[in-house]
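**Student:** One file is attached below, input07.pdb, containing PDB, C-alpha atoms.
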ATOM      1  CA  MET M  10      -3.996 -12.161   6.509
ATOM      2  CA  GLU M  11      -7.662 -11.292   6.193
ATOM      3  CA  TYR M  12     -10.252  -9.696   8.446
ATOM      4  CA  ASN M  13     -13.903  -9.821   7.291
ATOM      5  CA  GLY M  14     -12.519 -10.704   3.862
ATOM      6  CA  CYS M  15     -10.302  -7.582   3.879
ATOM      7  CA  GLU M  16      -6.732  -8.400   2.922
ATOM      8  CA  PHE M  17      -3.986  -7.074   5.184
ATOM      9  CA  ARG M  18      -0.241  -7.090   4.545
ATOM     10  CA  PRO M  19       1.808  -6.678   7.739
ATOM     11  CA  GLU M  20       5.010  -5.705   5.901
ATOM     12  CA  LEU M  21       3.477  -2.431   4.673
ATOM     13  CA  TYR M  22       3.026   0.837   6.561
ATOM     14  CA  TYR M  23      -0.431   2.308   7.194
ATOM     15  CA  ASP M  24      -1.988   5.590   8.225
ATOM     16  CA  ARG M  25      -3.853   5.386  11.536
ATOM     17  CA  GLU M  26      -7.272   5.171   9.834
ATOM     18  CA  PHE M  27      -6.088   2.377   7.511
ATOM     19  CA  GLN M  28      -7.186   4.287   4.425
ATOM     20  CA  ILE M  29      -3.810   4.047   2.722
ATOM     21  CA  TRP M  30      -0.844   1.712   2.653
ATOM     22  CA  LEU M  31       2.726   2.873   2.092
ATOM     23  CA  ARG M  32       5.809   0.997   0.938
ATOM     24  CA  ARG M  33       9.403   2.181   1.175
ATOM     25  CA  GLU M  34      11.275   1.867  -2.120
ATOM     26  CA  GLU M  35      15.030   1.428  -2.546
ATOM     27  CA  SER M  36      15.076   4.670  -4.542
ATOM     28  CA  GLY M  37      14.169   6.655  -1.400
ATOM     29  CA  THR M  38      10.589   7.160  -2.557
ATOM     30  CA  ILE M  39       7.393   5.932  -0.939
ATOM     31  CA  THR M  40       4.660   4.183  -2.903
ATOM     32  CA  ILE M  41       1.094   4.932  -1.751
ATOM     33  CA  GLY M  42      -2.051   2.895  -2.406
ATOM     34  CA  MET M  43      -5.560   2.344  -1.105
ATOM     35  CA  THR M  44      -6.157  -0.383   1.459
ATOM     36  CA  ASP M  45      -8.681  -3.125   0.868
ATOM     37  CA  ILE M  46     -10.858  -1.397   3.489
ATOM     38  CA  SER M  47     -10.809   1.842   1.471
ATOM     39  CA  GLN M  48     -11.673   0.216  -1.838
ATOM     40  CA  ALA M  49     -14.541  -1.678  -0.186
ATOM     41  CA  ILE M  50     -15.974   1.515   1.326
ATOM     42  CA  ALA M  51     -15.565   3.455  -1.934
ATOM     43  CA  GLY M  52     -17.233   0.862  -4.153
ATOM     44  CA  LYS M  53     -16.412   0.556  -7.842
ATOM     45  CA  ILE M  54     -13.748   3.147  -8.574
ATOM     46  CA  LEU M  55     -14.445   5.056 -11.758
ATOM     47  CA  HIS M  56     -11.748   7.731 -11.842
ATOM     48  CA  ALA M  57      -8.330   8.422 -10.316
ATOM     49  CA  ARG M  58      -6.307  11.607 -10.593
ATOM     50  CA  VAL M  59      -2.811  12.195  -9.191
ATOM     51  CA  ARG M  60      -1.298  15.626  -8.652
ATOM     52  CA  ARG M  61       1.296  16.671 -11.240
ATOM     53  CA  PRO M  62       4.852  15.290 -10.760
ATOM     54  CA  GLY M  63       7.095  17.824  -9.058
ATOM     55  CA  THR M  64       4.215  19.218  -6.999
ATOM     56  CA  LEU M  65       4.975  19.787  -3.309
ATOM     57  CA  ARG M  66       2.146  18.404  -1.144
ATOM     58  CA  PRO M  67       2.099  19.338   2.531
ATOM     59  CA  ALA M  68       0.748  16.912   5.107
ATOM     60  CA  GLY M  69      -3.032  17.054   5.098
ATOM     61  CA  LYS M  70      -3.288  17.885   1.383
ATOM     62  CA  PRO M  71      -4.140  14.918  -0.872
ATOM     63  CA  VAL M  72      -1.677  13.355  -3.297
ATOM     64  CA  ALA M  73      -4.565  12.104  -5.436
ATOM     65  CA  THR M  74      -8.346  11.971  -5.698
ATOM     66  CA  ILE M  75     -10.544   8.976  -6.338
ATOM     67  CA  GLU M  76     -14.142   8.900  -7.554
ATOM     68  CA  SER M  77     -16.602   6.035  -7.394
ATOM     69  CA  GLY M  78     -20.314   5.755  -8.004
ATOM     70  CA  LYS M  79     -21.021   6.618  -4.355
ATOM     71  CA  TRP M  80     -17.987   8.566  -3.194
ATOM     72  CA  ALA M  81     -15.381  11.112  -4.249
ATOM     73  CA  GLY M  82     -12.486  12.035  -2.068
ATOM     74  CA  PRO M  83      -8.790  12.309  -1.405
ATOM     75  CA  ILE M  84      -5.976   9.850  -1.095
ATOM     76  CA  PRO M  85      -4.721  11.365   2.157
ATOM     77  CA  ASN M  86      -1.194  12.572   2.637
ATOM     78  CA  VAL M  87       0.305  12.219   6.101
ATOM     79  CA  PHE M  88       3.693  13.892   5.524
ATOM     80  CA  ASP M  89       5.212  16.648   3.400
ATOM     81  CA  CYS M  90       6.277  15.233   0.052
ATOM     82  CA  VAL M  91       6.890  15.884  -3.631
ATOM     83  CA  ILE M  92       4.901  13.899  -6.202
ATOM     84  CA  GLU M  93       7.244  11.711  -8.262
ATOM     85  CA  GLU M  94       4.692   9.906 -10.443
ATOM     86  CA  GLY M  95       1.212   8.516 -10.721
ATOM     87  CA  ASN M  96       0.587   4.902 -11.674
ATOM     88  CA  LYS M  97      -0.292   5.119 -15.381
ATOM     89  CA  GLU M  98      -2.072   1.745 -15.287
ATOM     90  CA  VAL M  99      -4.385   2.912 -12.490
ATOM     91  CA  LEU M 100      -4.983   6.273 -14.155
ATOM     92  CA  GLU M 101      -6.106   4.427 -17.307
ATOM     93  CA  ASP M 102      -8.016   1.674 -15.464
ATOM     94  CA  PRO M 103      -9.036   2.833 -11.945
ATOM     95  CA  ASN M 104     -10.925  -0.442 -11.369
ATOM     96  CA  LEU M 105      -7.518  -2.017 -10.692
ATOM     97  CA  LEU M 106      -7.769  -0.418  -7.243
ATOM     98  CA  ASN M 107     -10.824  -2.597  -6.563
ATOM     99  CA  VAL M 108      -9.334  -5.750  -8.059
ATOM    100  CA  GLU M 109      -5.749  -5.524  -6.777
ATOM    101  CA  PRO M 110      -5.583  -2.932  -3.996
ATOM    102  CA  TYR M 111      -2.037  -3.894  -2.956
ATOM    103  CA  GLU M 112      -0.549  -4.210  -6.429
ATOM    104  CA  ALA M 113      -2.352  -1.215  -7.953
ATOM    105  CA  TRP M 114      -0.561   1.641  -6.244
ATOM    106  CA  VAL M 115      -1.727   5.212  -6.816
ATOM    107  CA  ALA M 116       1.352   7.440  -6.504
ATOM    108  CA  ARG M 117       5.051   7.518  -5.709
ATOM    109  CA  VAL M 118       6.276  10.407  -3.617
ATOM    110  CA  LYS M 119       9.564  11.683  -2.240
ATOM    111  CA  PRO M 120       9.284  12.692   1.428
ATOM    112  CA  VAL M 121      10.710  16.085   2.405
ATOM    113  CA  ALA M 122      11.854  14.793   5.824
ATOM    114  CA  PRO M 123      14.207  11.808   6.214
ATOM    115  CA  ILE M 124      12.334   8.641   5.225
ATOM    116  CA  ASP M 125      12.955   6.895   8.571
ATOM    117  CA  GLU M 126      11.401   9.837  10.399
ATOM    118  CA  VAL M 127       8.360   9.731   8.113
ATOM    119  CA  LEU M 128       7.833   5.996   8.565
ATOM    120  CA  GLU M 129       8.064   6.256  12.392
ATOM    121  CA  ALA M 130       4.763   8.161  12.389
ATOM    122  CA  LEU M 131       2.953   5.283  10.640
ATOM    123  CA  VAL M 132       1.889   1.849  11.874
ATOM    124  CA  THR M 133       3.167  -1.496  10.645
ATOM    125  CA  GLY M 134       3.398  -5.134  11.684
ATOM    126  CA  GLU M 135       1.388  -6.407  14.653
ATOM    127  CA  GLU M 136       0.258  -2.939  15.741
ATOM    128  CA  ALA M 137      -1.175  -2.309  12.276
ATOM    129  CA  ALA M 138      -2.781  -5.759  12.150
ATOM    130  CA  ARG M 139      -4.625  -5.106  15.429
ATOM    131  CA  GLY M 140      -5.858  -1.680  14.313
ATOM    132  CA  TYR M 141      -6.902  -2.958  10.887
ATOM    133  CA  ALA M 142      -8.865  -5.851  12.402
ATOM    134  CA  GLU M 143     -10.486  -3.553  14.990
ATOM    135  CA  ARG M 144     -11.689  -1.160  12.289
ATOM    136  CA  CYS M 145     -13.130  -4.009  10.203
ATOM    137  CA  VAL M 146     -15.059  -5.314  13.220
ATOM    138  CA  ARG M 147     -16.067  -1.916  14.694
ATOM    139  CA  GLU M 148     -17.459  -0.622  11.387
ATOM    140  CA  ASP M 149     -18.561  -4.045  10.102
ATOM    141  CA  ILE M 150     -16.517  -3.578   6.927
ATOM    142  CA  LYS M 151     -16.600  -6.576   4.615
ATOM    143  CA  CYS M 152     -14.398  -6.670   1.551
ATOM    144  CA  THR M 153     -14.969  -8.165  -1.850
ATOM    145  CA  ARG M 154     -12.713  -7.395  -4.729
ATOM    146  CA  GLY M 155     -14.225  -6.401  -8.053
ATOM    147  CA  ALA M 156     -13.990  -8.548 -11.155
ATOM    148  CA  ARG M 157     -12.008  -7.493 -14.207
TER     149      ARG M 157
END
Could you spell out this file's structure in structure tokens?

**Tutor:**
Amino acid sequence: MEYNGCEFRPELYYDREFQIWLRREESGTITIGMTDISQAIAGKILHARVRRPGTLRPAGKPVATIESGKWAGPIPNVFDCVIEEGNKEVLEDPNLLNVEPYEAWVARVKPVAPIDEVLEALVTGEEAARGYAERCVREDIKCTRGAR
């Protein structure tokens, strides 16, 4: 699905601002990445840094930071978690977040609370699709993915 050229994947989970996507892994971890909306707003991403593995991150404290030519800021964290790993490919080539926002994940984390409880606080499916589309229209966000 696309809205204003911004790719959306209904099978993923999203924060309520649609800045990040989350995917449940069989290992009990959660993979976190930037949405197409976020990469479009940020512009060409120049640097990515993930907190050290083993670090406890409370809700509200970022799991990573991203820098672009026009923006520097956090990859938000919406639940208490422990950093498992950063994506080495993204850390070496942050532009992957612009080119492949749904393949180029940023971090894997282990939630402190039960995973089902964590995912209940996020949006997915049709509810997420509506909110994603509304944000694209309301803020006139148009997405283009960078070239390699």

**Student:** I want to know what sits within 10 Å of stretch 13-21 of chain M, based on only C-alpha atoms, with residues of the same chain fewer than 4 positions away left out; could you give that as JSON, numbers by chain?

**Tutor:** {"M": [27, 29, 30, 31, 32, 33, 44, 45, 46, 47, 48, 49, 110, 111, 131, 132, 133, 134, 135, 136, 137, 138, 141, 142, 145, 146, 149, 150, 151, 152, 153, 154]}

**Student:** Starting from the PyMOL selection byres ((chain M and resi 68) around 7), expand the selection into actual residues of this file and give them as a PDB file with C-alpha atoms, in the frame of the given file.

**Tutor:**
ATOM      1  CA  ARG M  66       2.146  18.404  -1.144  1.00  0.00           C
ATOM      2  CA  PRO M  67       2.099  19.338   2.531  1.00  0.00           C
ATOM      3  CA  GLY M  69      -3.032  17.054   5.098  1.00  0.00           C
ATOM      4  CA  LYS M  70      -3.288  17.885   1.383  1.00  0.00           C
ATOM      5  CA  ASN M  86      -1.194  12.572   2.637  1.00  0.00           C
ATOM      6  CA  VAL M  87       0.305  12.219   6.101  1.00  0.00           C
ATOM      7  CA  PHE M  88       3.693  13.892   5.524  1.00  0.00           C
ATOM      8  CA  ASP M  89       5.212  16.648   3.400  1.00  0.00           C
TER       9      ASP M  89
END

**Student:** The PyMOL selection byres ((chain M and resi 74) around 6) on the file shown: which residues, as a list of chain:residue names?

**Tutor:**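 Written out, the selection comes to M:Ala57, M:Arg58, M:Ala73, M:Ile75, M:Gly82, M:Pro83, M:Ile84.
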
**Student:** I want to know what sits within 6 Å of stretch 119-129 of chain M, based on only C-alpha atoms, with residues of the same chain fewer than 6 positions away left out; could you give that as a PyMOL selection string?

**Tutor:** chain M and resi 38+89-91

**Student:** Report, in Å to a single decimal, how far apart atom CA of M:Val59 and atom CA of M:Val108 are.

**Tutor:**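 Computing the Euclidean distance for atom CA of M:Val108 and atom CA of M:Val59 yields 19.1 Å.
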
**Student:** Could you check the closest approach to M:Leu65 for each of M:Glu11, M:Glu93, M:Asp102, M:Glu34 and tell me which residue wins, using only C-alpha atoms?

**Tutor:**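 Of M:Glu11, M:Glu93, M:Asp102, M:Glu34, the one nearest M:Leu65, counting only C-alpha atoms, is M:Glu93.
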
**Student:** Check what the PyMOL selection byres ((chain M and resi 114) around 10) selects in the file above and give those residues as number ranges by chain.

**Tutor:** M: 29-32, 40-44, 95-99, 105-106, 109-113, 115-117

**Student:** Give the answer as one residue: which of M:Ala81, M:Arg139, M:Glu76, M:Ile54 has the shortest atom-to-atom distance to M:Met10, using all atoms listed in the file?

**Tutor:** M:Arg139

**Student:** My list of candidates is M:Trp80, M:Gln28, M:Glu94, M:Tyr23. Which is closest to M:Lys53 when distances are computed with all atoms listed in the file?

**Tutor:**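 For M:Lys53, the nearest of the candidates is M:Trp80.
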
**Student:** With distances taken over all atoms listed in the file, which residue among M:Glu143, M:Asn104, M:Ser36, M:Pro85 lies nearest M:Asp24?

**Tutor:** M:Pro85

**Student:** Atom CA of M:Arg144 and atom CA of M:Leu100 are how many Å apart?

**Tutor:** 28.3 Å

**Student:** Please report the interatomic distance between atom CA of M:Arg147 and atom CA of M:Val72 in Å with one decimal.

**Tutor:**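 So the two atoms, atom CA of M:Arg147 and atom CA of M:Val72, lie 27.6 Å apart.
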
**Student:** May I have the centre and edge lengths, in Å to one decimal, of an axis-aligned box around the listed atoms of stretch 77-81 of chain M with 3 Å added to every side, as AutoDock Vina command-line options?

**Tutor:**
--center_x -18.2 --center_y 8.4 --center_z -5.6 --size_x 11.6 --size_y 11.4 --size_z 10.8

**Student:** Using only C-alpha atoms for the distances, tell me which of M:Tyr22, M:Gly140, M:Ser77, M:Ala51 is nearest to M:Ile39.

**Tutor:**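 Once distances to M:Ile39 are computed over only C-alpha atoms, the minimum belongs to M:Tyr22.
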
**Student:** Will you model all heavy atoms for stretch 14-25 of chain M and pass it back as a PDB file, keeping the file's coordinate frame?

**Tutor:**
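The result, stored in rebuild_4.pdb:
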ATOM      1  N   GLY M  14     -12.792 -10.646   5.289  1.00  0.00           N
ATOM      2  CA  GLY M  14     -12.519 -10.704   3.862  1.00  0.00           C
ATOM      3  C   GLY M  14     -11.610  -9.595   3.366  1.00  0.00           C
ATOM      4  O   GLY M  14     -11.294  -9.529   2.185  1.00  0.00           O
ATOM      5  N   CYS M  15     -11.173  -8.695   4.258  1.00  0.00           N
ATOM      6  CA  CYS M  15     -10.302  -7.582   3.879  1.00  0.00           C
ATOM      7  C   CYS M  15      -8.842  -8.015   4.022  1.00  0.00           C
ATOM      8  O   CYS M  15      -8.399  -8.321   5.132  1.00  0.00           O
ATOM      9  CB  CYS M  15     -10.560  -6.360   4.748  1.00  0.00           C
ATOM     10  SG  CYS M  15     -12.236  -5.708   4.620  1.00  0.00           S
ATOM     11  N   GLU M  16      -8.134  -8.005   2.916  1.00  0.00           N
ATOM     12  CA  GLU M  16      -6.732  -8.400   2.922  1.00  0.00           C
ATOM     13  C   GLU M  16      -5.888  -7.385   3.689  1.00  0.00           C
ATOM     14  O   GLU M  16      -6.114  -6.182   3.606  1.00  0.00           O
ATOM     15  CB  GLU M  16      -6.219  -8.512   1.488  1.00  0.00           C
ATOM     16  CG  GLU M  16      -4.798  -8.993   1.400  1.00  0.00           C
ATOM     17  CD  GLU M  16      -4.295  -9.110  -0.031  1.00  0.00           C
ATOM     18  OE1 GLU M  16      -5.061  -8.866  -0.983  1.00  0.00           O
ATOM     19  OE2 GLU M  16      -3.110  -9.444  -0.175  1.00  0.00           O
ATOM     20  N   PHE M  17      -4.913  -7.903   4.422  1.00  0.00           N
ATOM     21  CA  PHE M  17      -3.986  -7.074   5.184  1.00  0.00           C
ATOM     22  C   PHE M  17      -2.583  -7.606   4.954  1.00  0.00           C
ATOM     23  O   PHE M  17      -2.354  -8.811   4.972  1.00  0.00           O
ATOM     24  CB  PHE M  17      -4.319  -7.130   6.682  1.00  0.00           C
ATOM     25  CG  PHE M  17      -3.279  -6.456   7.528  1.00  0.00           C
ATOM     26  CD1 PHE M  17      -3.256  -5.078   7.629  1.00  0.00           C
ATOM     27  CD2 PHE M  17      -2.297  -7.189   8.170  1.00  0.00           C
ATOM     28  CE1 PHE M  17      -2.283  -4.442   8.384  1.00  0.00           C
ATOM     29  CE2 PHE M  17      -1.326  -6.572   8.931  1.00  0.00           C
ATOM     30  CZ  PHE M  17      -1.321  -5.188   9.036  1.00  0.00           C
ATOM     31  N   ARG M  18      -1.641  -6.712   4.741  1.00  0.00           N
ATOM     32  CA  ARG M  18      -0.241  -7.090   4.545  1.00  0.00           C
ATOM     33  C   ARG M  18       0.612  -6.427   5.627  1.00  0.00           C
ATOM     34  O   ARG M  18       0.816  -5.214   5.607  1.00  0.00           O
ATOM     35  CB  ARG M  18       0.223  -6.679   3.158  1.00  0.00           C
ATOM     36  CG  ARG M  18      -0.552  -7.439   2.079  1.00  0.00           C
ATOM     37  CD  ARG M  18       0.092  -7.314   0.751  1.00  0.00           C
ATOM     38  NE  ARG M  18      -0.674  -8.065  -0.243  1.00  0.00           N
ATOM     39  CZ  ARG M  18      -0.406  -8.052  -1.520  1.00  0.00           C
ATOM     40  NH1 ARG M  18       0.608  -7.326  -1.977  1.00  0.00           N
ATOM     41  NH2 ARG M  18      -1.143  -8.755  -2.362  1.00  0.00           N
ATOM     42  N   PRO M  19       1.105  -7.233   6.584  1.00  0.00           N
ATOM     43  CA  PRO M  19       1.808  -6.678   7.739  1.00  0.00           C
ATOM     44  C   PRO M  19       3.137  -6.016   7.412  1.00  0.00           C
ATOM     45  O   PRO M  19       3.639  -5.222   8.202  1.00  0.00           O
ATOM     46  CB  PRO M  19       2.007  -7.884   8.659  1.00  0.00           C
ATOM     47  CG  PRO M  19       1.930  -9.076   7.757  1.00  0.00           C
ATOM     48  CD  PRO M  19       0.981  -8.694   6.660  1.00  0.00           C
ATOM     49  N   GLU M  20       3.715  -6.296   6.255  1.00  0.00           N
ATOM     50  CA  GLU M  20       5.010  -5.705   5.901  1.00  0.00           C
ATOM     51  C   GLU M  20       4.898  -4.252   5.417  1.00  0.00           C
ATOM     52  O   GLU M  20       5.905  -3.541   5.317  1.00  0.00           O
ATOM     53  CB  GLU M  20       5.714  -6.545   4.824  1.00  0.00           C
ATOM     54  CG  GLU M  20       5.103  -6.463   3.437  1.00  0.00           C
ATOM     55  CD  GLU M  20       3.909  -7.403   3.190  1.00  0.00           C
ATOM     56  OE1 GLU M  20       3.393  -8.027   4.148  1.00  0.00           O
ATOM     57  OE2 GLU M  20       3.500  -7.498   2.029  1.00  0.00           O
ATOM     58  N   LEU M  21       3.691  -3.798   5.135  1.00  0.00           N
ATOM     59  CA  LEU M  21       3.477  -2.431   4.673  1.00  0.00           C
ATOM     60  C   LEU M  21       3.285  -1.485   5.853  1.00  0.00           C
ATOM     61  O   LEU M  21       3.077  -1.919   6.987  1.00  0.00           O
ATOM     62  CB  LEU M  21       2.249  -2.375   3.764  1.00  0.00           C
ATOM     63  CG  LEU M  21       2.338  -3.191   2.479  1.00  0.00           C
ATOM     64  CD1 LEU M  21       1.005  -3.196   1.750  1.00  0.00           C
ATOM     65  CD2 LEU M  21       3.452  -2.681   1.580  1.00  0.00           C
ATOM     66  N   TYR M  22       3.323  -0.203   5.578  1.00  0.00           N
ATOM     67  CA  TYR M  22       3.026   0.837   6.561  1.00  0.00           C
ATOM     68  C   TYR M  22       1.626   1.364   6.281  1.00  0.00           C
ATOM     69  O   TYR M  22       1.174   1.357   5.132  1.00  0.00           O
ATOM     70  CB  TYR M  22       4.039   1.986   6.455  1.00  0.00           C
ATOM     71  CG  TYR M  22       5.421   1.589   6.890  1.00  0.00           C
ATOM     72  CD1 TYR M  22       6.295   0.975   6.001  1.00  0.00           C
ATOM     73  CD2 TYR M  22       5.854   1.814   8.190  1.00  0.00           C
ATOM     74  CE1 TYR M  22       7.575   0.600   6.397  1.00  0.00           C
ATOM     75  CE2 TYR M  22       7.127   1.439   8.596  1.00  0.00           C
ATOM     76  CZ  TYR M  22       7.976   0.828   7.696  1.00  0.00           C
ATOM     77  OH  TYR M  22       9.231   0.451   8.095  1.00  0.00           O
ATOM     78  N   TYR M  23       0.946   1.840   7.320  1.00  0.00           N
ATOM     79  CA  TYR M  23      -0.431   2.308   7.194  1.00  0.00           C
ATOM     80  C   TYR M  23      -0.629   3.615   7.946  1.00  0.00           C
ATOM     81  O   TYR M  23       0.008   3.845   8.972  1.00  0.00           O
ATOM     82  CB  TYR M  23      -1.411   1.264   7.770  1.00  0.00           C
ATOM     83  CG  TYR M  23      -1.369  -0.043   7.035  1.00  0.00           C
ATOM     84  CD1 TYR M  23      -0.462  -1.035   7.380  1.00  0.00           C
ATOM     85  CD2 TYR M  23      -2.240  -0.286   5.976  1.00  0.00           C
ATOM     86  CE1 TYR M  23      -0.407  -2.236   6.696  1.00  0.00           C
ATOM     87  CE2 TYR M  23      -2.189  -1.486   5.291  1.00  0.00           C
ATOM     88  CZ  TYR M  23      -1.269  -2.456   5.647  1.00  0.00           C
ATOM     89  OH  TYR M  23      -1.219  -3.642   4.954  1.00  0.00           O
ATOM     90  N   ASP M  24      -1.563   4.434   7.440  1.00  0.00           N
ATOM     91  CA  ASP M  24      -1.988   5.590   8.225  1.00  0.00           C
ATOM     92  C   ASP M  24      -2.851   5.053   9.364  1.00  0.00           C
ATOM     93  O   ASP M  24      -3.258   3.887   9.368  1.00  0.00           O
ATOM     94  CB  ASP M  24      -2.748   6.597   7.349  1.00  0.00           C
ATOM     95  CG  ASP M  24      -4.089   6.091   6.863  1.00  0.00           C
ATOM     96  OD1 ASP M  24      -4.218   4.884   6.543  1.00  0.00           O
ATOM     97  OD2 ASP M  24      -5.027   6.893   6.789  1.00  0.00           O
ATOM     98  N   ARG M  25      -3.151   5.864  10.333  1.00  0.00           N
ATOM     99  CA  ARG M  25      -3.853   5.386  11.536  1.00  0.00           C
ATOM    100  C   ARG M  25      -5.326   5.059  11.290  1.00  0.00           C
ATOM    101  O   ARG M  25      -5.952   4.412  12.114  1.00  0.00           O
ATOM    102  CB  ARG M  25      -3.703   6.396  12.667  1.00  0.00           C
ATOM    103  CG  ARG M  25      -2.231   6.607  12.996  1.00  0.00           C
ATOM    104  CD  ARG M  25      -1.926   6.407  14.439  1.00  0.00           C
ATOM    105  NE  ARG M  25      -0.490   6.522  14.660  1.00  0.00           N
ATOM    106  CZ  ARG M  25       0.222   5.567  15.216  1.00  0.00           C
ATOM    107  NH1 ARG M  25      -0.346   4.463  15.611  1.00  0.00           N
ATOM    108  NH2 ARG M  25       1.515   5.728  15.402  1.00  0.00           N
TER     109      ARG M  25
END
